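Data block below; observations after.
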Protein chains: 2
Amino acid sequence: MTDIDLDYDLAQEIIDEIKTDPMGGWLSLPDTPAEDIDKIKALAKTVRNSSDFLVCIGIGGSYLGTRAIYEALDLDSTAKCRLLFAGNSLSSRELKKLLHLLDGHDFSLNVISKSGTTLEPALAFRILKAALVKKYGKDGARQRIIATTDPSAGALREEATAEGYQTFAIANGIGGRYSVLSPVGLFPLAVAGCNIEKLLMGARECRETQLDCDDLKHSMLVEYAFSRFYLYDELGCDVEVLASFEPSLLYFNEWWKQLFGESEGKDHRGIFPASVIYSTDLHSLGQYLQDGRRNIFETFLRFSPETGSLTVPKLDNATDGLDYLEGRSLTEISNKALDATLKAHDAGGISTFEIAVLDDETTTGISERSLGFLIFFFEVACALSATLLGVDPFDQPGVEKYKKEMFKLLGKPSKTA
Amino acid sequence: MTDIDLDYDLAQEIIDEIKTDPMGGWLSLPDTPAEDIDKIKALAKTVRNSSDFLVCIGIGGSYLGTRAIYEALDLDSTAKCRLLFAGNSLSSRELKKLLHLLDGHDFSLNVISKSGTTLEPALAFRILKAALVKKYGKDGARQRIIATTDPSAGALREEATAEGYQTFAIANGIGGRYSVLSPVGLFPLAVAGCNIEKLLMGARECRETQLDCDDLKHSMLVEYAFSRFYLYDELGCDVEVLASFEPSLLYFNEWWKQLFGESEGKDHRGIFPASVIYSTDLHSLGQYLQDGRRNIFETFLRFSPETGSLTVPKLDNATDGLDYLEGRSLTEISNKALDATLKAHDAGGISTFEIAVLDDETTTGISERSLGFLIFFFEVACALSATLLGVDPFDQPGVEKYKKEMFKLLGKPSKTA
């Protein structure tokens, strides 16, 4: 990406800092004890056997990571119990559509909120709980609600205790955008048939090879974190574009944008996180990336080639000029497009970085293991870069400001404000 | 948004320039003759009656506008013949998923490509044509392929003539990203049950009130186009974020990003187009927009309130603190959130612009009429701003660069290069 002298001692210092930060609890999620995994899998099995749909009610960090993995692995095509996502907007249209989908099906609710009072999920939970009670009665409904919330405090914990819901705890020291490898993400993903042990294995492999390696000089993670800060601080690159070639990574991009945007966008500083899905966006933002302002750098994701890819069929007297591609796989062509885009954008004068997560065991290209690796990679890289930037990687003071305005406009009683 | 002295004579000059530009043909699309509309509707009816799915094969401007309107209107919930989109990536996984969806259903193909040799749609067309022939035989397949392409030249026109496909012409003077109100978008949308006359009516209303009005001082369009250039050129704002509060506008955002990114991102200049869906992203990029770098401005879309919105149900001994919202509609709450976000971001020091497209006839909030207005609004505003920026609003020289690299890597015979 760039030839800079990285200060590996500083890197080690920051890593140690993060490891002991009270909000660094997520660093030990890859070591989640077997009994916790077993509890998750057991309850997941119960839900899978009793429900066609599990509605995940959450927003921000209680939503994006789970959806990112669910879509990246295309679990919707294979899940016996499919996931639906609610409480992530204020749209009546979306919630009506979801209620319509549930109509005539068995379903359960996983409400995910540390406090239980965040507006969007709390509203959706009220509406969906009413639908659940209507279908199964008060007692039946209680047995179909799983609350993922604070270990002891808060409105949702209170309700869960009073009503006897099954619960998972969001341990202290794990902020929303760093929580996907906790029960926040693991439980619904397990319900959908995701191999959560493989997910955690990938994260462990990332930690072993990128953080706890003998020599940080071999850590692509440290190089990435320091390079992006250098590009921002020294070269004035204030926009980073995450680029991949698989449409199913759309929500992985969204997860990544929250992670970096919410961690770094403070004190009028921070790299603005944007994303593209190629080759689609080579016919859209591609022009800008090739020829527009040069304050951008681009981070490419490369996965193992999918096995059994479609190939280009032979065509008699074709006019499309594609004969030279006959018999070749889309995966090969897509990988060549990735190589070509790296080359063209580099030649166009923007710095590019490639993160290759190759999993020799996968047939689908994108696997639990590769996603677990990537998630942990970006979480640590984000904490590193934000620290270099001089901001707190773990708070989000700005998120409160529109809420204050909104509660004023909605006339929220100040006692509960 | 900003208090600047707009040069209305210059605005008029540029508008006249664009109107006479050989690539300004899209400006007259709102006047599409009734016989052309009738032809579109007649063929749409035939397809609707013979197919469960119409697969739209296209990329960039031959894809994003159609999908934007299809999703914004949620036509997928109501269409007798649903749209599927192919040829917009090189993903084997996506195309396999689509082929699986088609399995056992009647379908037709609308291949949309001016040249017929663009890699992604040409590859998808080969694969889908093979599936079509397999199901209906060579002759049956011919009758289920509609080609939207160059009026006279190019590989696809050649094939359509040879095979006797039904065709629509992409008139000269209409570039891809300005083509959604041409048969490129109108035909598939008509198949899906979109009221295309209302779409064009909205565009006409935009042209009458924003361009051909007695006094450009009343044109929000001119104010928007000049303000964004002023923010870029004078205040150094080089990122614009399009913000709306309806998840179904995700692809409208994507259409908008292509329009502005491909039109302005040249000669190392241009405003970088980004987008958010609120309130979802208030829990994601919201932190950055509130407190991050101040080189951003934000453009909000407001639509008419949906009628029959869901309301907040009453709950006995609730702990969620939402009692004060009981009986109120999500639409009202969402609109208050919009007001609050405008206020908070403004107070946070970023310029905000609001475009309200209120349609008193709609019950769904987002209507054909409001979308037609918005599309035409942004197309003209984009042509204006790009001209102010000193770049050609209608070319995309950078898009060719990665293709050259890719064809080299794929070993494309130079004669067809």
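Identifiers in the structure tokens: chain A, B, ... in order shown; residue index from 1 per chain; ligand index from 1 in order shown.
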
Discussion item. Using only C-alpha atoms, which protein or nucleic acid residues come within 9 Å of range 221-228 of chain A? Drop anything in the same chain fewer than 5 positions from it, and give the result as a PyMOL selection string.
Written reply: chain A and resi 1-4+6-8+11+206+210-211+216+233+237+240+271+297+353+355+377-378+380-386+388

Mind dumping the selected residues with N, CA, C and O atoms as a compact mmCIF listing (two decimals), in the first residue's frame?
```txt
# COMPACT_ATOMS: atom_id res chain seq x y z
N MET A 1 0.85 -1.20 0.00
CA MET A 1 0.00 0.00 0.00
C MET A 1 0.88 1.24 0.00
O MET A 1 0.97 1.97 -0.95
N THR A 2 1.65 1.44 1.08
CA THR A 2 2.57 2.59 1.14
C THR A 2 3.86 2.13 1.80
O THR A 2 3.85 1.19 2.59
N ASP A 3 4.93 2.78 1.47
CA ASP A 3 6.21 2.44 2.11
C ASP A 3 6.44 3.41 3.25
O ASP A 3 6.90 4.52 3.05
N ILE A 4 6.08 3.02 4.44
CA ILE A 4 6.29 3.88 5.59
C ILE A 4 7.01 3.07 6.65
O ILE A 4 6.90 1.85 6.70
N LEU A 6 6.92 1.78 9.99
CA LEU A 6 5.94 1.58 11.06
C LEU A 6 6.67 1.50 12.39
O LEU A 6 7.72 0.87 12.49
N ASP A 7 6.09 2.15 13.39
CA ASP A 7 6.64 2.10 14.75
C ASP A 7 6.01 0.91 15.47
O ASP A 7 4.95 1.01 16.07
N TYR A 8 6.71 -0.23 15.39
CA TYR A 8 6.14 -1.47 15.93
C TYR A 8 6.07 -1.46 17.45
O TYR A 8 5.21 -2.12 18.04
N ALA A 11 2.93 0.25 18.12
CA ALA A 11 1.84 -0.69 17.82
C ALA A 11 1.61 -1.62 19.01
O ALA A 11 0.47 -1.77 19.48
N CYS A 206 -7.08 -15.00 13.41
CA CYS A 206 -6.67 -13.61 13.16
C CYS A 206 -5.85 -13.10 14.35
O CYS A 206 -4.78 -12.52 14.17
N GLN A 210 -2.08 -12.15 13.68
CA GLN A 210 -1.96 -10.70 13.46
C GLN A 210 -1.61 -9.92 14.72
O GLN A 210 -1.05 -8.83 14.64
N LEU A 211 -1.96 -10.45 15.88
CA LEU A 211 -1.72 -9.71 17.13
C LEU A 211 -0.67 -10.39 18.00
O LEU A 211 0.27 -9.76 18.46
N LEU A 216 5.47 -8.35 14.99
CA LEU A 216 4.38 -7.56 14.39
C LEU A 216 4.72 -7.13 12.96
O LEU A 216 3.84 -6.71 12.23
N ASP A 233 -3.30 11.24 7.89
CA ASP A 233 -2.59 12.28 8.63
C ASP A 233 -1.51 12.96 7.77
O ASP A 233 -1.34 14.17 7.83
N CYS A 237 -5.67 11.88 2.90
CA CYS A 237 -6.74 11.01 2.37
C CYS A 237 -7.81 10.86 3.46
O CYS A 237 -7.57 10.21 4.46
N GLU A 240 -12.10 6.53 2.86
CA GLU A 240 -11.70 5.17 2.56
C GLU A 240 -12.87 4.44 1.94
O GLU A 240 -14.01 4.54 2.43
N ILE A 271 -11.51 9.39 9.16
CA ILE A 271 -11.63 9.00 7.76
C ILE A 271 -13.10 8.67 7.49
O ILE A 271 -13.70 7.90 8.23
N PHE A 297 -8.55 6.54 -0.51
CA PHE A 297 -7.84 5.27 -0.68
C PHE A 297 -8.84 4.14 -0.61
O PHE A 297 -9.96 4.31 -0.12
N PHE A 353 -5.23 -1.08 -1.02
CA PHE A 353 -4.81 -2.07 -0.04
C PHE A 353 -5.64 -3.31 -0.28
O PHE A 353 -6.83 -3.21 -0.55
N ILE A 355 -6.85 -7.03 1.20
CA ILE A 355 -6.92 -7.99 2.31
C ILE A 355 -7.48 -9.29 1.74
O ILE A 355 -8.63 -9.36 1.33
N PHE A 377 -10.26 -8.83 12.45
CA PHE A 377 -9.22 -8.00 11.81
C PHE A 377 -9.62 -6.54 11.82
O PHE A 377 -8.88 -5.66 12.27
N PHE A 378 -10.83 -6.25 11.37
CA PHE A 378 -11.27 -4.86 11.26
C PHE A 378 -11.54 -4.26 12.64
O PHE A 378 -11.27 -3.07 12.87
N VAL A 380 -9.99 -4.89 15.49
CA VAL A 380 -8.72 -4.50 16.11
C VAL A 380 -8.08 -3.35 15.34
O VAL A 380 -7.62 -2.37 15.93
N ALA A 381 -8.10 -3.45 14.00
CA ALA A 381 -7.52 -2.38 13.18
C ALA A 381 -8.19 -1.05 13.49
O ALA A 381 -7.53 -0.01 13.58
N CYS A 382 -9.50 -1.09 13.70
CA CYS A 382 -10.26 0.13 13.99
C CYS A 382 -9.84 0.71 15.33
O CYS A 382 -9.60 1.92 15.45
N ALA A 383 -9.73 -0.14 16.33
CA ALA A 383 -9.32 0.33 17.66
C ALA A 383 -7.92 0.94 17.59
O ALA A 383 -7.64 1.98 18.19
N LEU A 384 -7.04 0.32 16.81
CA LEU A 384 -5.67 0.83 16.62
C LEU A 384 -5.69 2.20 15.93
O LEU A 384 -5.14 3.18 16.44
N SER A 385 -6.36 2.29 14.78
CA SER A 385 -6.36 3.55 14.01
C SER A 385 -6.97 4.68 14.81
O SER A 385 -6.47 5.80 14.81
N ALA A 386 -8.09 4.38 15.48
CA ALA A 386 -8.76 5.43 16.25
C ALA A 386 -7.83 5.95 17.34
O ALA A 386 -7.76 7.15 17.59
N LEU A 388 -4.53 5.91 17.27
CA LEU A 388 -3.52 6.73 16.58
C LEU A 388 -4.09 8.12 16.26
O LEU A 388 -3.40 9.13 16.37
```

Discussion item. Need to verify the contact set: Ala44 in chain A, 9 Å, only C-alpha atoms, exclusion of same-chain residues closer than 2 positions in sequence. Can you return it as a ChimeraX atom specification?
Written reply: /A:39-42,46-49,187-193

Now that the selection is made, can you save its residues with C-alpha atoms as a short mmCIF file (atom, residue, chain, number, x, y, z; two decimals), in the first residue's frame?
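For reference, part.cif as written:
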```cif
data_model
loop_
_atom_site.label_atom_id
_atom_site.label_comp_id
_atom_site.auth_asym_id
_atom_site.auth_seq_id
_atom_site.Cartn_x
_atom_site.Cartn_y
_atom_site.Cartn_z
CA LYS A 39 -26.24 -22.94 25.63
CA ILE A 40 -26.48 -20.86 22.44
CA LYS A 41 -26.70 -23.96 20.24
CA ALA A 42 -29.26 -25.67 22.47
CA THR A 46 -35.34 -25.22 20.13
CA VAL A 47 -36.17 -22.08 18.14
CA ARG A 48 -35.31 -23.78 14.85
CA ASN A 49 -37.70 -26.61 15.61
CA PHE A 187 -27.42 -16.76 18.78
CA PRO A 188 -29.49 -15.67 15.76
CA LEU A 189 -26.77 -16.87 13.39
CA ALA A 190 -26.77 -20.28 15.08
CA VAL A 191 -30.54 -20.42 14.63
CA ALA A 192 -30.02 -19.80 10.89
CA GLY A 193 -27.53 -22.66 10.64
#
```

Practice prompt. List every residue of range 176-319 of chain B that DSSP, applied to the backbone of this structure, assigns to alpha helix (DSSP H), and report them as a ChimeraX atom specification.
Written response: /B:183-191,196-206,220-233,250-264,286-291

Write to file, as a PDB file, in the first residue's frame, the residues of the selection just made, with C-alpha atoms.
```
ATOM      1  CA  PRO B 183     -37.807   2.473 -22.404  1.00  0.00           C
ATOM      2  CA  VAL B 184     -34.710   1.344 -20.461  1.00  0.00           C
ATOM      3  CA  GLY B 185     -36.711   1.845 -17.276  1.00  0.00           C
ATOM      4  CA  LEU B 186     -40.265   2.375 -18.478  1.00  0.00           C
ATOM      5  CA  PHE B 187     -40.719  -1.047 -20.061  1.00  0.00           C
ATOM      6  CA  PRO B 188     -39.705  -3.314 -17.151  1.00  0.00           C
ATOM      7  CA  LEU B 189     -41.419  -0.984 -14.689  1.00  0.00           C
ATOM      8  CA  ALA B 190     -44.632  -1.145 -16.718  1.00  0.00           C
ATOM      9  CA  VAL B 191     -44.388  -4.941 -16.637  1.00  0.00           C
ATOM     10  CA  ILE B 196     -45.357   5.059 -16.030  1.00  0.00           C
ATOM     11  CA  GLU B 197     -47.575   7.980 -17.085  1.00  0.00           C
ATOM     12  CA  LYS B 198     -47.526   9.230 -13.483  1.00  0.00           C
ATOM     13  CA  LEU B 199     -43.741   8.836 -13.485  1.00  0.00           C
ATOM     14  CA  LEU B 200     -43.441  11.038 -16.565  1.00  0.00           C
ATOM     15  CA  MET B 201     -46.043  13.429 -15.175  1.00  0.00           C
ATOM     16  CA  GLY B 202     -43.862  13.973 -12.117  1.00  0.00           C
ATOM     17  CA  ALA B 203     -40.877  14.659 -14.357  1.00  0.00           C
ATOM     18  CA  ARG B 204     -42.946  17.129 -16.395  1.00  0.00           C
ATOM     19  CA  GLU B 205     -44.065  18.891 -13.230  1.00  0.00           C
ATOM     20  CA  CYS B 206     -40.428  19.192 -12.203  1.00  0.00           C
ATOM     21  CA  MET B 220     -35.214  24.896  -5.771  1.00  0.00           C
ATOM     22  CA  LEU B 221     -33.352  22.915  -8.424  1.00  0.00           C
ATOM     23  CA  VAL B 222     -31.180  25.867  -9.427  1.00  0.00           C
ATOM     24  CA  GLU B 223     -30.618  26.721  -5.777  1.00  0.00           C
ATOM     25  CA  TYR B 224     -29.553  23.139  -5.047  1.00  0.00           C
ATOM     26  CA  ALA B 225     -27.214  22.877  -8.049  1.00  0.00           C
ATOM     27  CA  PHE B 226     -25.516  26.217  -7.386  1.00  0.00           C
ATOM     28  CA  SER B 227     -25.382  25.725  -3.628  1.00  0.00           C
ATOM     29  CA  ARG B 228     -23.631  22.368  -3.882  1.00  0.00           C
ATOM     30  CA  PHE B 229     -21.071  23.844  -6.268  1.00  0.00           C
ATOM     31  CA  TYR B 230     -20.584  26.794  -3.893  1.00  0.00           C
ATOM     32  CA  LEU B 231     -20.124  24.423  -0.945  1.00  0.00           C
ATOM     33  CA  TYR B 232     -17.524  22.492  -2.927  1.00  0.00           C
ATOM     34  CA  ASP B 233     -15.703  25.343  -4.581  1.00  0.00           C
ATOM     35  CA  LEU B 250     -31.554   2.076  -0.794  1.00  0.00           C
ATOM     36  CA  TYR B 251     -31.339   1.656  -4.571  1.00  0.00           C
ATOM     37  CA  PHE B 252     -32.556   5.166  -5.218  1.00  0.00           C
ATOM     38  CA  ASN B 253     -29.410   6.200  -3.322  1.00  0.00           C
ATOM     39  CA  GLU B 254     -27.352   3.909  -5.568  1.00  0.00           C
ATOM     40  CA  TRP B 255     -28.905   5.426  -8.701  1.00  0.00           C
ATOM     41  CA  TRP B 256     -28.141   8.932  -7.361  1.00  0.00           C
ATOM     42  CA  LYS B 257     -24.523   8.001  -6.596  1.00  0.00           C
ATOM     43  CA  GLN B 258     -23.942   6.819 -10.144  1.00  0.00           C
ATOM     44  CA  LEU B 259     -25.591   9.925 -11.587  1.00  0.00           C
ATOM     45  CA  PHE B 260     -23.418  12.366  -9.650  1.00  0.00           C
ATOM     46  CA  GLY B 261     -20.269  10.268  -9.254  1.00  0.00           C
ATOM     47  CA  GLU B 262     -19.999   9.391 -12.931  1.00  0.00           C
ATOM     48  CA  SER B 263     -20.933  12.896 -14.073  1.00  0.00           C
ATOM     49  CA  GLU B 264     -18.669  14.883 -11.768  1.00  0.00           C
ATOM     50  CA  GLY B 286     -24.669   9.240  12.347  1.00  0.00           C
ATOM     51  CA  GLN B 287     -21.780   9.704  14.759  1.00  0.00           C
ATOM     52  CA  TYR B 288     -19.466  10.742  11.921  1.00  0.00           C
ATOM     53  CA  LEU B 289     -22.014  13.144  10.454  1.00  0.00           C
ATOM     54  CA  GLN B 290     -22.598  14.739  13.847  1.00  0.00           C
ATOM     55  CA  ASP B 291     -18.979  15.077  14.983  1.00  0.00           C
TER      56      ASP B 291
END
```

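The smallest atom-to-atom distance between Leu90 in chain A and any of B:Ala171, B:Leu310, B:Ala147, B:Leu29, using only C-alpha atoms, is found for B:Leu310.
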
Applying 9 Å and only C-alpha atoms, which residues near range 173-175 of chain A remain after dropping the ones on its own chain fewer than 5 positions away? List them as a CSV table (one decimal) with C-alpha atoms, in the first residue's frame.
```
chain,number,residue,atom,x,y,z
A,21,ASP,CA,-9.1,-1.1,28.3
A,22,PRO,CA,-12.4,-1.7,30.2
A,23,MET,CA,-14.1,-1.5,26.8
A,24,GLY,CA,-11.8,-4.1,25.3
A,25,GLY,CA,-13.8,-7.1,26.5
A,26,TRP,CA,-14.6,-8.1,22.9
A,27,LEU,CA,-11.0,-9.1,22.4
A,61,GLY,CA,-24.4,-2.9,16.5
A,182,SER,CA,-21.0,-12.2,21.3
A,394,PHE,CA,-15.3,2.9,22.0
A,395,ASP,CA,-17.6,5.9,22.6
```

Discussion item. From a backbone DSSP assignment, name each residue in range 91-333 of chain B labelled strand (DSSP E), as a PyMOL selection string.
Written reply: chain B and resi 107-112+145-149+166-169+239-244+272-277+296-303

Worksheet entry | d(CA of Asp150 in chain A, CA of Ala162 in chain A) in Å | 14.7 Å

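You will find CA of Ile18 in chain B at 13.3 Å from CA of Gly390 in chain B.
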
Surrounding residues of range 407-412 of chain A excluding itself and chain neighbours under 4 positions, 10 Å, only C-alpha atoms, as a compact mmCIF listing (two decimals) with all heavy atoms, in the first residue's frame:
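Output (around02.txt):
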```txt
# COMPACT_ATOMS: atom_id res chain seq x y z
N LEU A 119 -35.28 3.73 20.96
CA LEU A 119 -36.60 3.96 20.35
C LEU A 119 -36.99 2.90 19.31
O LEU A 119 -38.03 2.24 19.45
CB LEU A 119 -36.63 5.36 19.72
CG LEU A 119 -37.98 5.78 19.13
CD1 LEU A 119 -39.03 5.91 20.22
CD2 LEU A 119 -37.86 7.08 18.35
N TYR A 402 -29.05 14.00 18.17
CA TYR A 402 -30.33 14.04 17.45
C TYR A 402 -31.45 13.49 18.34
O TYR A 402 -32.61 13.92 18.25
CB TYR A 402 -30.25 13.28 16.13
CG TYR A 402 -30.55 11.80 16.26
CD1 TYR A 402 -31.85 11.32 16.09
CD2 TYR A 402 -29.55 10.90 16.57
CE1 TYR A 402 -32.13 9.97 16.23
CE2 TYR A 402 -29.82 9.56 16.71
CZ TYR A 402 -31.11 9.10 16.55
OH TYR A 402 -31.38 7.77 16.70
N LYS A 403 -31.08 12.55 19.22
CA LYS A 403 -32.09 11.97 20.12
C LYS A 403 -32.68 13.04 21.02
O LYS A 403 -33.89 13.15 21.17
CB LYS A 403 -31.48 10.85 20.97
CG LYS A 403 -31.12 9.59 20.20
CD LYS A 403 -30.60 8.51 21.15
CE LYS A 403 -30.15 7.27 20.41
NZ LYS A 403 -29.50 6.30 21.32
N THR A 416 -38.43 10.79 32.12
CA THR A 416 -37.90 9.56 31.50
C THR A 416 -36.88 9.90 30.42
O THR A 416 -36.42 9.03 29.71
CB THR A 416 -39.04 8.76 30.84
OG1 THR A 416 -39.63 9.58 29.82
CG2 THR A 416 -40.10 8.35 31.84
N ALA A 417 -36.55 11.21 30.26
CA ALA A 417 -35.63 11.60 29.18
C ALA A 417 -34.20 11.16 29.50
O ALA A 417 -33.89 10.88 30.65
CB ALA A 417 -35.70 13.10 28.96
N GLY B 321 -40.56 2.87 28.62
CA GLY B 321 -40.60 4.33 28.65
C GLY B 321 -41.24 4.96 27.42
O GLY B 321 -41.02 6.13 27.13
N LEU B 322 -42.05 4.21 26.69
CA LEU B 322 -42.64 4.74 25.46
C LEU B 322 -44.13 5.08 25.61
O LEU B 322 -44.79 5.37 24.61
CB LEU B 322 -42.49 3.72 24.33
CG LEU B 322 -41.07 3.33 23.91
CD1 LEU B 322 -41.12 2.39 22.72
CD2 LEU B 322 -40.24 4.55 23.59
N ASP B 323 -44.62 5.09 26.84
CA ASP B 323 -46.06 5.34 27.04
C ASP B 323 -46.50 6.63 26.37
O ASP B 323 -47.58 6.70 25.80
CB ASP B 323 -46.38 5.42 28.55
CG ASP B 323 -45.88 4.19 29.30
OD1 ASP B 323 -44.88 3.60 28.85
OD2 ASP B 323 -46.48 3.83 30.31
N TYR B 324 -45.64 7.64 26.37
CA TYR B 324 -46.03 8.95 25.81
C TYR B 324 -46.23 8.87 24.29
O TYR B 324 -46.75 9.80 23.68
CB TYR B 324 -44.97 10.01 26.15
CG TYR B 324 -43.66 9.87 25.41
CD1 TYR B 324 -43.34 10.73 24.36
CD2 TYR B 324 -42.75 8.87 25.75
CE1 TYR B 324 -42.13 10.60 23.68
CE2 TYR B 324 -41.55 8.73 25.07
CZ TYR B 324 -41.25 9.61 24.04
OH TYR B 324 -40.06 9.46 23.36
N LEU B 325 -45.84 7.76 23.67
CA LEU B 325 -46.00 7.61 22.22
C LEU B 325 -47.22 6.75 21.86
O LEU B 325 -47.54 6.60 20.68
CB LEU B 325 -44.75 7.00 21.62
CG LEU B 325 -43.47 7.85 21.64
CD1 LEU B 325 -42.29 7.05 21.11
CD2 LEU B 325 -43.66 9.13 20.84
N ARG B 328 -49.70 6.96 18.68
CA ARG B 328 -49.14 7.81 17.64
C ARG B 328 -48.55 6.96 16.51
O ARG B 328 -48.19 5.80 16.71
CB ARG B 328 -48.11 8.76 18.24
CG ARG B 328 -48.78 9.77 19.16
CD ARG B 328 -47.83 10.44 20.10
NE ARG B 328 -47.03 11.48 19.43
CZ ARG B 328 -46.22 12.31 20.10
NH1 ARG B 328 -46.09 12.21 21.41
NH2 ARG B 328 -45.53 13.22 19.44
N GLU B 332 -45.46 9.66 11.85
CA GLU B 332 -45.27 10.93 12.57
C GLU B 332 -43.92 10.92 13.29
O GLU B 332 -43.15 11.88 13.19
CB GLU B 332 -46.40 11.14 13.60
CG GLU B 332 -46.24 12.46 14.38
CD GLU B 332 -46.81 12.41 15.80
OE1 GLU B 332 -47.55 11.47 16.11
OE2 GLU B 332 -46.46 13.31 16.59
N ILE B 333 -43.64 9.80 13.96
CA ILE B 333 -42.39 9.70 14.72
C ILE B 333 -41.19 9.82 13.77
O ILE B 333 -40.22 10.52 14.04
CB ILE B 333 -42.36 8.37 15.50
CG1 ILE B 333 -43.49 8.36 16.55
CG2 ILE B 333 -41.01 8.17 16.17
CD1 ILE B 333 -43.74 7.00 17.18
N LYS B 336 -40.66 13.36 12.74
CA LYS B 336 -40.04 14.12 13.83
C LYS B 336 -38.54 13.80 13.89
O LYS B 336 -37.71 14.67 14.14
CB LYS B 336 -40.70 13.77 15.16
CG LYS B 336 -42.13 14.29 15.30
CD LYS B 336 -42.17 15.76 15.70
CE LYS B 336 -43.53 16.17 16.25
NZ LYS B 336 -44.59 16.18 15.21
N ALA B 337 -38.20 12.55 13.62
CA ALA B 337 -36.78 12.15 13.62
C ALA B 337 -36.04 12.88 12.50
O ALA B 337 -34.90 13.33 12.69
CB ALA B 337 -36.66 10.64 13.45
N ASP B 339 -36.87 15.89 11.25
CA ASP B 339 -36.71 17.27 11.73
C ASP B 339 -35.56 17.37 12.73
O ASP B 339 -34.73 18.28 12.66
CB ASP B 339 -38.00 17.75 12.41
CG ASP B 339 -39.19 17.76 11.46
OD1 ASP B 339 -38.96 17.90 10.24
OD2 ASP B 339 -40.34 17.59 11.92
N ALA B 340 -35.51 16.40 13.65
CA ALA B 340 -34.50 16.43 14.70
C ALA B 340 -33.10 16.26 14.12
O ALA B 340 -32.15 16.92 14.54
CB ALA B 340 -34.78 15.33 15.72
```

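Residue nearest chain B within the list A:Ala124, A:Leu95, A:Cys194, A:Ala344: A:Ala344 [criterion: smallest interatomic distance, only C-alpha atoms].
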
Worksheet entry | Nearest to chain A by atom-to-atom distance, counting only C-alpha atoms, from B:Ile127, B:Ala153, B:Ile146, B:Ala169 | B:Ile127

Discussion item. Let me make sure I understand: among A:Glu246, A:Glu379, A:Asp36, A:Glu400, which one has the smallest atom-to-atom distance to Asp281 in chain A if we use only C-alpha atoms?
Written reply: A:Glu246

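Note that the spacing between CA of Asp103 in chain A and CA of Val55 in chain B amounts to 28.1 Å.
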
Fill in: Residue nearest chain A among B:Asp360, B:Asp320, B:Glu17, B:Glu298 (counting only C-alpha atoms)
B:Asp320

Worksheet item: Which residue out of A:Lys19, A:Arg177, A:Arg67, A:Lys217 has the minimum interatomic distance to chain B when only C-alpha atoms are used?
Response: A:Arg177

Discussion item. Using only C-alpha atoms, which protein or nucleic acid residues come within 7 Å of His283 in chain A? Drop anything in the same chain fewer than 2 positions from it, and give the result as a ChimeraX atom specification.
Written reply: /A:280-281,285-286 /B:59-60,399

For the selection just defined, write its residues with C-alpha atoms to a file, as a PDB file, in the first residue's frame.
```
ATOM      1  CA  THR A 280     -21.575  -3.313 -10.291  1.00  0.00           C
ATOM      2  CA  ASP A 281     -20.102  -0.037  -9.071  1.00  0.00           C
ATOM      3  CA  LEU A 285     -18.695   5.189  -8.640  1.00  0.00           C
ATOM      4  CA  GLY A 286     -15.916   3.590 -10.707  1.00  0.00           C
TER       5      GLY A 286
ATOM      6  CA  ILE B  59     -25.599  -2.804 -15.484  1.00  0.00           C
ATOM      7  CA  GLY B  60     -25.013   0.801 -14.409  1.00  0.00           C
ATOM      8  CA  VAL B 399     -14.752   3.636 -16.928  1.00  0.00           C
TER       9      VAL B 399
END
```
